[in-house]
Amino acid sequence: MGLLYTLSDALYSNLIRESRYLLLVRGLNMTVQISLYALLIGIVIGLLVAVARITHIKVLDGIAKLYVDVIRGTPVVVQLVIIYYAVLAGSGLPKLLIASVAFGINSGAYVSELIRAGIMAVDKGQMEAARSLGLSYFQTMRFVIVPQAVKNILPALVNEAIVMLKETSVAGYIALDDLTRAGNVIRSRTFDPYTPFLLVAAVYLYATTIMTFFATKLERRLHASD
Amino acid sequence: MIKVEGLYKSFGELEVLKGVNAHVGKSEVVCIIGASGSGKSTFLRCINLLEVPTAGKIYIEGVELMEHRREIDKLRQKVGMVFQQFNLFPNLSVIENVMLAPVQTRKLDRTAARDKAAALLEQVGLSDKLSEYPNRLSGGQKQRVAIARALAMDPDIMLFDEPTSALDPEMVGEVLNVMKKLAQDGMTMVTVTHEMGFAREVSDRVLFMDEGVIAEEGPPAEIFTHPSQARTRDFLAKVL
């Protein structure tokens with residue numbers, strides 16, 4: 001009886017009182033927005049970087065490789081804070097935009113590797129067969145290699161989206177009210193260290209579970225033609 | 001049709017071709033035989049520059065390939081190639097596999113290309129598989145699609161790189177029959193093969209390669225019955 005009372009009391013004070021659940025809702029909304037924009041930016045950067053690396057133009061390849069190494073070799077929080085304070089702070093740009101760019105730049109490095117791996121995974125004989133028919137390199141990429149690579153890349157890309165959703169939890173470092181920070185705000189009001197973050201965790205898990213569900217469906221559909 | 005002079009090819013330290021000289025006349029059917037690692041596939045792949053030679057000259061209908069590398073896409077359209085592993089495009093249906101190159105490189109309109117592809121697929125006995133995807137086909141069917149795909153570009157020369165080596169034994173015949181038919185129709189063909197029966201029956205000339213050179217060549221009757229070289233005899237003793 002006592003335990004049940006404590007539980008309902010905790011939920012009441014952390015969710016209902018002062019409509020605190022709204023903090024979580026807005027936080028999730030912010031988290032989803034950052035993730036979505038960042039992923040789009042990441043895909044664009046990733047594509048460009050992957051192309052730069054695949055074409056073997058020395059200068060481009062060098063720059064692209066440096067970018068990938070730097071991004072992958074440093075924590076995303078540090079990148080976010082550097083971009084926020086050192087690069088874009090004085091610009092007066094909205095924080096959501098800055099965070100999206102920062103996470104996008106971060107994601108681009110990983111996405112570029114996904115794309116590169118997806119293209120490399122296409123059998124070498126495909127390029128040879130297409131070229132032997134007289135198709136140019138670009139025609140071969142467009143009609144033969146890329147369509148097959150997309151199949152390799154898409155599931156990994158959904159996975160990257162799931163990772164992104166969780167990684168944006170450090171957005172609070174630049175005082176952006178994302179889901180994790182919402183938990184922090186509630187905690188500071190209720191002085192309950194457990195309940196807010198258990199709730200936050202539940203929301204993250206719920207969101208990623210939905211995404212995983214769609215990822216599995218997508219993967220199954222892509223494999224249908226194999 | 002094809003003339004090769006002093007062809008050398010190295011992969012790093014490994015010298016695979018050590019001065020190959022060869023010529024193939026119009027409508028001639030040439031089979032290349034030899035042990036694994038003798039350089040026969042590399043030689044064949046050099047003929048359409050899938051491997052770039054280290055040294056030497058390759059003439060296709062009088063045009064030297066290395067001097068015209070910028071136009072290689074055009075030159076390759078004259079030289080069809082069939083691979084051991086078929087290399088069909090799994091993202092395209094059978095008929096799309098055959099149509100792709102003519103539509104993209106010749107700007108042939110899709111209806112004309114489709115008709116032509118259908119006719120070619122009928123030739124190789126696959127009229128009922130037009131809209132199938134490659135992964136639904138048997139090895140023999142895949143290889144016949146690959147032949148039709150190469151023929152769709154109206155090549156003057158066809159190169160076959162061990163076309164039956166990846167096939168189950170019961171499917172070898174259907175592919176060889178298509179090739180025989182092609183040979184009878186006057187196609188210029190160069191085939192790397194382990195099918196000695198095919199080489200003996202269909203080819204006008206057999207090249208025996210050993211250690212990166214053509215060790216012996218001649219009409220199949222001669223090569224198979226009384227080869228002049230000891231190493232040819234050794235090889236044939238092992239495979240026949």
# chains A, B, ... in the order shown; residues from 1 in each chain; ligands from 1
call {"tool": "closest_atom_pairs", "arguments": {"of": "chain B", "to": "chain A", "cutoff": "10 Å", "atoms": "only C-alpha atoms", "output": "Markdown table"}}
result
| residue | atom | partner | partner_atom | distance |
| --- | --- | --- | --- | --- |
| B:Arg45 | CA | A:Ser132 | CA | 9.7 |
| B:Asn48 | CA | A:Ser132 | CA | 7.1 |
| B:Leu49 | CA | A:Ser132 | CA | 8.7 |
| B:Leu50 | CA | A:Glu128 | CA | 6.9 |
| B:Glu71 | CA | A:Gly134 | CA | 9.8 |
| B:Ile72 | CA | A:Gly134 | CA | 7.7 |
| B:Asp73 | CA | A:Gly134 | CA | 4.4 |
| B:Lys74 | CA | A:Gly134 | CA | 6.1 |
| B:Leu75 | CA | A:Gly134 | CA | 7.4 |
| B:Arg76 | CA | A:Gly134 | CA | 5.0 |
| B:Gln77 | CA | A:Gly134 | CA | 4.7 |
| B:Lys78 | CA | A:Gly134 | CA | 8.3 |
| B:Val79 | CA | A:Ser132 | CA | 7.5 |
| B:Gly80 | CA | A:Leu133 | CA | 6.4 |
| B:Met81 | CA | A:Ser132 | CA | 6.3 |
| B:Val82 | CA | A:Ala129 | CA | 8.0 |
| B:Phe83 | CA | A:Ala129 | CA | 7.8 |
| B:Gln84 | CA | A:Gly125 | CA | 9.8 |
| B:Gln85 | CA | A:Gly125 | CA | 7.8 |
| B:Phe86 | CA | A:Ala129 | CA | 8.4 |
| B:Asn87 | CA | A:Gln126 | CA | 5.6 |
| B:Leu88 | CA | A:Gln126 | CA | 7.3 |
| B:Phe89 | CA | A:Val144 | CA | 6.6 |
| B:Pro90 | CA | A:Gln148 | CA | 7.9 |
| B:Asn91 | CA | A:Gln148 | CA | 6.4 |
| B:Leu92 | CA | A:Val144 | CA | 8.4 |
| B:Asn97 | CA | A:Val144 | CA | 9.8 |
| B:Leu100 | CA | A:Phe143 | CA | 8.3 |
| B:Ala101 | CA | A:Leu133 | CA | 6.3 |
| B:Pro102 | CA | A:Leu133 | CA | 8.8 |
| B:Gln104 | CA | A:Leu135 | CA | 7.4 |
| B:Thr105 | CA | A:Leu135 | CA | 6.4 |
| B:Arg106 | CA | A:Gly134 | CA | 9.9 |
| B:Tyr133 | CA | A:Ser225 | CA | 7.9 |
| B:Pro134 | CA | A:Asp226 | CA | 9.0 |
| B:Asn135 | CA | A:Asp226 | CA | 6.4 |
| B:Arg136 | CA | A:Asp226 | CA | 8.5 |
| B:Ala146 | CA | A:Ala129 | CA | 9.2 |
| B:Arg149 | CA | A:Leu133 | CA | 8.3 |
| B:Ala150 | CA | A:Leu133 | CA | 6.5 |
| B:Leu151 | CA | A:Leu133 | CA | 9.4 |
| B:Ala152 | CA | A:Leu133 | CA | 9.1 |
| B:Met153 | CA | A:Leu133 | CA | 7.2 |
| B:Pro155 | CA | A:Leu133 | CA | 9.2 |
call {"tool": "residues_around", "arguments": {"residues": "Ile95 of chain B", "least_positions_apart": "5", "cutoff": "10 Å", "atoms": "only C-alpha atoms", "output": "PDB file with N, CA and C atoms, in the first residue's frame"}}
result
ATOM      1  N   LEU B 100      19.595  -2.243 -70.804  1.00  0.00           N
ATOM      2  CA  LEU B 100      20.255  -1.087 -70.177  1.00  0.00           C
ATOM      3  C   LEU B 100      21.296  -0.415 -71.084  1.00  0.00           C
ATOM      4  N   ALA B 113      14.369  -1.033 -78.010  1.00  0.00           N
ATOM      5  CA  ALA B 113      15.323  -1.793 -77.199  1.00  0.00           C
ATOM      6  C   ALA B 113      14.651  -3.023 -76.595  1.00  0.00           C
ATOM      7  N   ARG B 114      13.406  -2.840 -76.167  1.00  0.00           N
ATOM      8  CA  ARG B 114      12.672  -3.944 -75.563  1.00  0.00           C
ATOM      9  C   ARG B 114      12.428  -5.063 -76.577  1.00  0.00           C
ATOM     10  N   ASP B 115      12.030  -4.661 -77.786  1.00  0.00           N
ATOM     11  CA  ASP B 115      11.794  -5.658 -78.837  1.00  0.00           C
ATOM     12  C   ASP B 115      13.063  -6.444 -79.129  1.00  0.00           C
ATOM     13  N   LYS B 116      14.145  -5.695 -79.232  1.00  0.00           N
ATOM     14  CA  LYS B 116      15.406  -6.337 -79.559  1.00  0.00           C
ATOM     15  C   LYS B 116      15.846  -7.275 -78.435  1.00  0.00           C
ATOM     16  N   ALA B 117      15.694  -6.790 -77.206  1.00  0.00           N
ATOM     17  CA  ALA B 117      16.085  -7.611 -76.056  1.00  0.00           C
ATOM     18  C   ALA B 117      15.243  -8.883 -76.005  1.00  0.00           C
ATOM     19  N   ALA B 118      13.946  -8.728 -76.283  1.00  0.00           N
ATOM     20  CA  ALA B 118      13.063  -9.896 -76.257  1.00  0.00           C
ATOM     21  C   ALA B 118      13.487 -10.909 -77.317  1.00  0.00           C
ATOM     22  N   LEU B 120      16.510 -11.305 -78.567  1.00  0.00           N
ATOM     23  CA  LEU B 120      17.765 -11.938 -78.143  1.00  0.00           C
ATOM     24  C   LEU B 120      17.522 -12.985 -77.067  1.00  0.00           C
ATOM     25  N   LEU B 121      16.617 -12.672 -76.146  1.00  0.00           N
ATOM     26  CA  LEU B 121      16.334 -13.620 -75.078  1.00  0.00           C
ATOM     27  C   LEU B 121      15.625 -14.851 -75.619  1.00  0.00           C
ATOM     28  N   LEU B 126      15.009 -17.993 -73.488  1.00  0.00           N
ATOM     29  CA  LEU B 126      14.510 -17.513 -72.204  1.00  0.00           C
ATOM     30  C   LEU B 126      13.301 -16.583 -72.354  1.00  0.00           C
ATOM     31  N   SER B 127      12.498 -16.831 -73.372  1.00  0.00           N
ATOM     32  CA  SER B 127      11.344 -15.962 -73.612  1.00  0.00           C
ATOM     33  C   SER B 127      10.409 -15.882 -72.416  1.00  0.00           C
ATOM     34  N   LYS B 129      11.175 -15.736 -69.318  1.00  0.00           N
ATOM     35  CA  LYS B 129      11.789 -15.191 -68.092  1.00  0.00           C
ATOM     36  C   LYS B 129      12.007 -13.686 -68.153  1.00  0.00           C
ATOM     37  N   LEU B 130      11.366 -13.026 -69.103  1.00  0.00           N
ATOM     38  CA  LEU B 130      11.680 -11.616 -69.348  1.00  0.00           C
ATOM     39  C   LEU B 130      11.593 -10.734 -68.106  1.00  0.00           C
ATOM     40  N   SER B 131      10.545 -10.918 -67.309  1.00  0.00           N
ATOM     41  CA  SER B 131      10.372  -9.998 -66.184  1.00  0.00           C
ATOM     42  C   SER B 131      10.833 -10.612 -64.861  1.00  0.00           C
ATOM     43  N   GLU B 132      11.502 -11.756 -64.941  1.00  0.00           N
ATOM     44  CA  GLU B 132      12.073 -12.385 -63.754  1.00  0.00           C
ATOM     45  C   GLU B 132      13.298 -11.579 -63.289  1.00  0.00           C
ATOM     46  N   TYR B 133      13.631 -11.686 -62.012  1.00  0.00           N
ATOM     47  CA  TYR B 133      14.879 -11.083 -61.533  1.00  0.00           C
ATOM     48  C   TYR B 133      15.973 -12.148 -61.506  1.00  0.00           C
ATOM     49  N   VAL B 145      21.395 -15.240 -70.102  1.00  0.00           N
ATOM     50  CA  VAL B 145      20.998 -13.823 -70.068  1.00  0.00           C
ATOM     51  C   VAL B 145      22.229 -12.947 -70.293  1.00  0.00           C
ATOM     52  N   ALA B 148      23.021 -12.811 -73.880  1.00  0.00           N
ATOM     53  CA  ALA B 148      22.071 -11.942 -74.583  1.00  0.00           C
ATOM     54  C   ALA B 148      22.375 -10.477 -74.299  1.00  0.00           C
ATOM     55  N   ARG B 149      22.728 -10.177 -73.055  1.00  0.00           N
ATOM     56  CA  ARG B 149      23.040  -8.807 -72.667  1.00  0.00           C
ATOM     57  C   ARG B 149      24.231  -8.279 -73.467  1.00  0.00           C
TER      58      ARG B 149
END
call {"tool": "closest_residue", "arguments": {"among": "A:Leu222, A:Ala99, A:Ile162, A:Ile174", "to": "Tyr204 of chain A", "atoms": "only C-alpha atoms"}}
result
A:Ile162
call {"tool": "select_by_dssp", "arguments": {"residues": "segment 9-201 of chain B", "states": "alpha helix (DSSP H)", "output": "mmCIF file with C-alpha atoms, in the first residue's frame"}}
result
data_model
loop_
_atom_site.group_PDB
_atom_site.id
_atom_site.type_symbol
_atom_site.label_atom_id
_atom_site.label_comp_id
_atom_site.auth_asym_id
_atom_site.auth_seq_id
_atom_site.Cartn_x
_atom_site.Cartn_y
_atom_site.Cartn_z
ATOM 1 C CA LYS B 40 44.705 -16.740 -69.796
ATOM 2 C CA SER B 41 41.982 -14.777 -67.996
ATOM 3 C CA THR B 42 44.267 -11.789 -67.550
ATOM 4 C CA PHE B 43 45.038 -11.883 -71.247
ATOM 5 C CA LEU B 44 41.352 -11.961 -72.117
ATOM 6 C CA ARG B 45 40.585 -9.107 -69.715
ATOM 7 C CA CYS B 46 43.303 -7.007 -71.309
ATOM 8 C CA ILE B 47 41.535 -7.239 -74.664
ATOM 9 C CA ILE B 72 37.344 3.203 -74.297
ATOM 10 C CA ASP B 73 33.597 3.235 -73.635
ATOM 11 C CA LYS B 74 32.977 3.427 -77.373
ATOM 12 C CA LEU B 75 35.556 0.750 -78.150
ATOM 13 C CA ARG B 76 34.150 -1.598 -75.532
ATOM 14 C CA VAL B 94 16.135 -9.982 -67.071
ATOM 15 C CA ILE B 95 14.913 -7.839 -69.939
ATOM 16 C CA GLU B 96 16.142 -4.643 -68.267
ATOM 17 C CA ASN B 97 19.566 -6.221 -67.906
ATOM 18 C CA VAL B 98 19.640 -6.678 -71.659
ATOM 19 C CA MET B 99 18.144 -3.263 -72.453
ATOM 20 C CA LEU B 100 20.255 -1.087 -70.177
ATOM 21 C CA ALA B 101 23.356 -0.595 -72.302
ATOM 22 C CA PRO B 102 21.609 -0.050 -75.664
ATOM 23 C CA VAL B 103 19.216 2.473 -74.121
ATOM 24 C CA GLN B 104 21.925 4.384 -72.286
ATOM 25 C CA THR B 105 24.760 4.316 -74.790
ATOM 26 C CA ARG B 106 22.925 4.247 -78.114
ATOM 27 C CA ARG B 110 12.792 1.878 -75.010
ATOM 28 C CA THR B 111 10.280 0.131 -77.253
ATOM 29 C CA ALA B 112 12.878 -0.687 -79.883
ATOM 30 C CA ALA B 113 15.323 -1.793 -77.199
ATOM 31 C CA ARG B 114 12.672 -3.944 -75.563
ATOM 32 C CA ASP B 115 11.794 -5.658 -78.837
ATOM 33 C CA LYS B 116 15.406 -6.337 -79.559
ATOM 34 C CA ALA B 117 16.085 -7.611 -76.056
ATOM 35 C CA ALA B 118 13.063 -9.896 -76.257
ATOM 36 C CA ALA B 119 14.295 -11.284 -79.574
ATOM 37 C CA LEU B 120 17.765 -11.938 -78.143
ATOM 38 C CA LEU B 121 16.334 -13.620 -75.078
ATOM 39 C CA GLU B 122 14.249 -15.806 -77.326
ATOM 40 C CA GLN B 123 17.415 -16.754 -79.180
ATOM 41 C CA GLY B 139 23.204 -20.580 -63.241
ATOM 42 C CA GLY B 140 22.750 -21.723 -66.801
ATOM 43 C CA GLN B 141 19.870 -19.310 -67.311
ATOM 44 C CA LYS B 142 21.889 -16.475 -65.803
ATOM 45 C CA GLN B 143 24.751 -17.117 -68.147
ATOM 46 C CA ARG B 144 22.437 -17.180 -71.155
ATOM 47 C CA VAL B 145 20.998 -13.823 -70.068
ATOM 48 C CA ALA B 146 24.557 -12.525 -69.772
ATOM 49 C CA ILE B 147 25.250 -13.637 -73.347
ATOM 50 C CA ALA B 148 22.071 -11.942 -74.583
ATOM 51 C CA ARG B 149 23.040 -8.807 -72.667
ATOM 52 C CA ALA B 150 26.420 -8.689 -74.374
ATOM 53 C CA LEU B 151 24.885 -9.355 -77.798
ATOM 54 C CA PRO B 169 27.471 -29.883 -64.682
ATOM 55 C CA GLU B 170 23.919 -30.366 -65.970
ATOM 56 C CA MET B 171 23.793 -26.713 -67.036
ATOM 57 C CA VAL B 172 27.023 -26.572 -68.967
ATOM 58 C CA GLY B 173 25.420 -27.954 -72.101
ATOM 59 C CA GLU B 174 22.744 -25.280 -72.478
ATOM 60 C CA VAL B 175 25.338 -22.513 -72.341
ATOM 61 C CA LEU B 176 27.755 -24.244 -74.699
ATOM 62 C CA ASN B 177 24.926 -24.781 -77.170
ATOM 63 C CA VAL B 178 24.198 -21.069 -77.253
ATOM 64 C CA MET B 179 27.897 -20.425 -77.822
ATOM 65 C CA LYS B 180 28.086 -22.987 -80.598
ATOM 66 C CA LYS B 181 25.165 -21.374 -82.325
ATOM 67 C CA LEU B 182 26.890 -18.032 -82.036
ATOM 68 C CA ALA B 183 30.051 -19.459 -83.539
ATOM 69 C CA GLN B 184 28.134 -20.957 -86.450
ATOM 70 C CA MET B 196 38.191 -29.368 -73.817
ATOM 71 C CA GLY B 197 35.299 -30.945 -75.694
ATOM 72 C CA PHE B 198 34.015 -27.518 -76.657
ATOM 73 C CA ALA B 199 37.487 -26.316 -77.639
ATOM 74 C CA ARG B 200 38.012 -29.352 -79.802
ATOM 75 C CA GLU B 201 34.634 -29.289 -81.458
#
call {"tool": "residues_around", "arguments": {"residues": "Ala149 of chain A", "least_positions_apart": "3", "cutoff": "9 Å", "atoms": "only C-alpha atoms", "output": "list in words"}}
result
Ile115, Arg116, Ala117, Gly118, Ile119, Met120, Ala121, Val122, Val144, Ile145, Val146, Asn152, Ile153 and Leu154 of chain A
call {"tool": "write_last_selection", "arguments": {"atoms": "all heavy atoms", "output": "compact mmCIF listing (two decimals), in the first residue's frame"}}
result
# COMPACT_ATOMS: atom_id res chain seq x y z
N ILE A 115 27.81 5.17 -46.38
CA ILE A 115 27.60 5.22 -47.83
C ILE A 115 28.76 4.56 -48.55
O ILE A 115 28.60 3.76 -49.46
CB ILE A 115 27.42 6.68 -48.29
CG1 ILE A 115 26.11 7.24 -47.72
CG2 ILE A 115 27.42 6.77 -49.82
CD1 ILE A 115 25.88 8.71 -48.01
N ARG A 116 29.97 4.91 -48.08
CA ARG A 116 31.17 4.35 -48.71
C ARG A 116 31.16 2.82 -48.60
O ARG A 116 31.37 2.11 -49.57
CB ARG A 116 32.42 4.91 -48.04
CG ARG A 116 33.63 4.95 -48.93
CD ARG A 116 34.68 5.83 -48.32
NE ARG A 116 35.26 5.22 -47.15
CZ ARG A 116 36.44 4.59 -47.16
NH1 ARG A 116 37.13 4.51 -48.26
NH2 ARG A 116 36.92 4.06 -46.06
N ALA A 117 30.88 2.34 -47.40
CA ALA A 117 30.86 0.89 -47.19
C ALA A 117 29.78 0.25 -48.05
O ALA A 117 29.98 -0.82 -48.62
CB ALA A 117 30.63 0.59 -45.71
N GLY A 118 28.62 0.93 -48.16
CA GLY A 118 27.53 0.40 -48.95
C GLY A 118 27.90 0.27 -50.42
O GLY A 118 27.52 -0.69 -51.09
N ILE A 119 28.67 1.24 -50.90
CA ILE A 119 29.09 1.20 -52.31
C ILE A 119 30.18 0.16 -52.51
O ILE A 119 30.15 -0.62 -53.47
CB ILE A 119 29.54 2.59 -52.77
CG1 ILE A 119 28.32 3.51 -52.88
CG2 ILE A 119 30.27 2.53 -54.10
CD1 ILE A 119 28.62 4.94 -53.17
N MET A 120 31.13 0.13 -51.56
CA MET A 120 32.22 -0.86 -51.66
C MET A 120 31.69 -2.29 -51.60
O MET A 120 32.31 -3.20 -52.14
CB MET A 120 33.22 -0.68 -50.51
CG MET A 120 33.84 0.69 -50.42
SD MET A 120 34.91 1.03 -51.79
CE MET A 120 36.35 1.58 -50.89
N ALA A 121 30.56 -2.46 -50.91
CA ALA A 121 30.03 -3.81 -50.73
C ALA A 121 29.42 -4.38 -52.01
O ALA A 121 29.19 -5.57 -52.11
CB ALA A 121 28.99 -3.82 -49.61
N VAL A 122 29.17 -3.50 -52.99
CA VAL A 122 28.64 -4.00 -54.26
C VAL A 122 29.76 -4.75 -54.99
O VAL A 122 30.88 -4.25 -55.09
CB VAL A 122 28.12 -2.84 -55.14
CG1 VAL A 122 27.66 -3.35 -56.49
CG2 VAL A 122 26.98 -2.13 -54.43
N VAL A 144 23.60 0.97 -61.95
CA VAL A 144 23.96 -0.35 -61.45
C VAL A 144 24.44 -0.31 -60.00
O VAL A 144 23.91 -1.02 -59.14
CB VAL A 144 25.06 -0.98 -62.35
CG1 VAL A 144 25.48 -2.33 -61.80
CG2 VAL A 144 24.54 -1.12 -63.78
N ILE A 145 25.42 0.53 -59.71
CA ILE A 145 26.06 0.47 -58.40
C ILE A 145 25.19 1.12 -57.31
O ILE A 145 24.89 0.50 -56.30
CB ILE A 145 27.46 1.13 -58.41
CG1 ILE A 145 28.32 0.54 -59.54
CG2 ILE A 145 28.14 0.97 -57.06
CD1 ILE A 145 28.70 -0.89 -59.38
N VAL A 146 24.78 2.38 -57.55
CA VAL A 146 24.05 3.10 -56.51
C VAL A 146 22.73 2.42 -56.12
O VAL A 146 22.45 2.26 -54.93
CB VAL A 146 23.85 4.59 -56.90
CG1 VAL A 146 22.89 5.28 -55.94
CG2 VAL A 146 25.19 5.31 -56.91
N ASN A 152 22.02 -1.56 -49.32
CA ASN A 152 22.94 -1.81 -48.20
C ASN A 152 22.88 -0.68 -47.19
O ASN A 152 23.07 -0.89 -46.00
CB ASN A 152 24.39 -1.93 -48.70
CG ASN A 152 24.56 -2.98 -49.77
OD1 ASN A 152 23.79 -3.92 -49.82
ND2 ASN A 152 25.56 -2.82 -50.62
N ILE A 153 22.65 0.54 -47.70
CA ILE A 153 22.82 1.73 -46.86
C ILE A 153 21.58 2.02 -46.00
O ILE A 153 21.70 2.37 -44.83
CB ILE A 153 23.16 2.96 -47.74
CG1 ILE A 153 24.52 2.75 -48.40
CG2 ILE A 153 23.16 4.23 -46.91
CD1 ILE A 153 24.78 3.70 -49.56
N LEU A 154 20.39 1.88 -46.60
CA LEU A 154 19.17 2.32 -45.91
C LEU A 154 19.00 1.76 -44.49
O LEU A 154 18.76 2.54 -43.57
CB LEU A 154 17.93 2.00 -46.76
CG LEU A 154 17.50 3.11 -47.71
CD1 LEU A 154 16.21 2.73 -48.41
CD2 LEU A 154 17.32 4.44 -46.98
call {"tool": "residues_around", "arguments": {"residues": "Lys57 of chain B", "least_positions_apart": "2", "cutoff": "8 Å", "atoms": "only C-alpha atoms", "output": "PyMOL selection string"}}
result
chain B and resi 4-7+55+59+64-66
call {"tool": "residues_around", "arguments": {"residues": "Leu96 of chain A", "least_positions_apart": "6", "cutoff": "9 Å", "atoms": "only C-alpha atoms", "output": "PyMOL selection string"}}
result
chain A and resi 30+33-34+176
call {"tool": "write_last_selection", "arguments": {"atoms": "N, CA and C atoms", "output": "JSON list (two decimals), in the first residue's frame"}}
result
[["chain", "number", "residue", "atom", "x", "y", "z"],
["A", 30, "MET", "N", 11.51, 18.77, -29.28],
["A", 30, "MET", "CA", 12.80, 19.38, -29.60],
["A", 30, "MET", "C", 13.82, 18.31, -30.02],
["A", 33, "GLN", "N", 13.09, 17.13, -33.45],
["A", 33, "GLN", "CA", 13.44, 18.14, -34.44],
["A", 33, "GLN", "C", 14.95, 18.20, -34.70],
["A", 34, "ILE", "N", 15.72, 18.27, -33.61],
["A", 34, "ILE", "CA", 17.18, 18.31, -33.79],
["A", 34, "ILE", "C", 17.65, 17.09, -34.57],
["A", 176, "LEU", "N", 19.72, 23.92, -24.56],
["A", 176, "LEU", "CA", 18.59, 23.65, -25.44],
["A", 176, "LEU", "C", 17.65, 22.70, -24.71]]
call {"tool": "residues_around", "arguments": {"residues": "Leu198 of chain A", "least_positions_apart": "6", "cutoff": "12 Å", "atoms": "only C-alpha atoms", "output": "ChimeraX atom specification"}}
result
/A:10-11,14-15,24,179-180,183-184,186-187,192,204-205
call {"tool": "residues_around", "arguments": {"residues": "Ala50 of chain A", "least_positions_apart": "2", "cutoff": "12 Å", "atoms": "only C-alpha atoms", "output": "VMD selection string"}}
result
chain A and resid 42 to 48 52 to 57 60 to 65 67 to 68 108 to 120
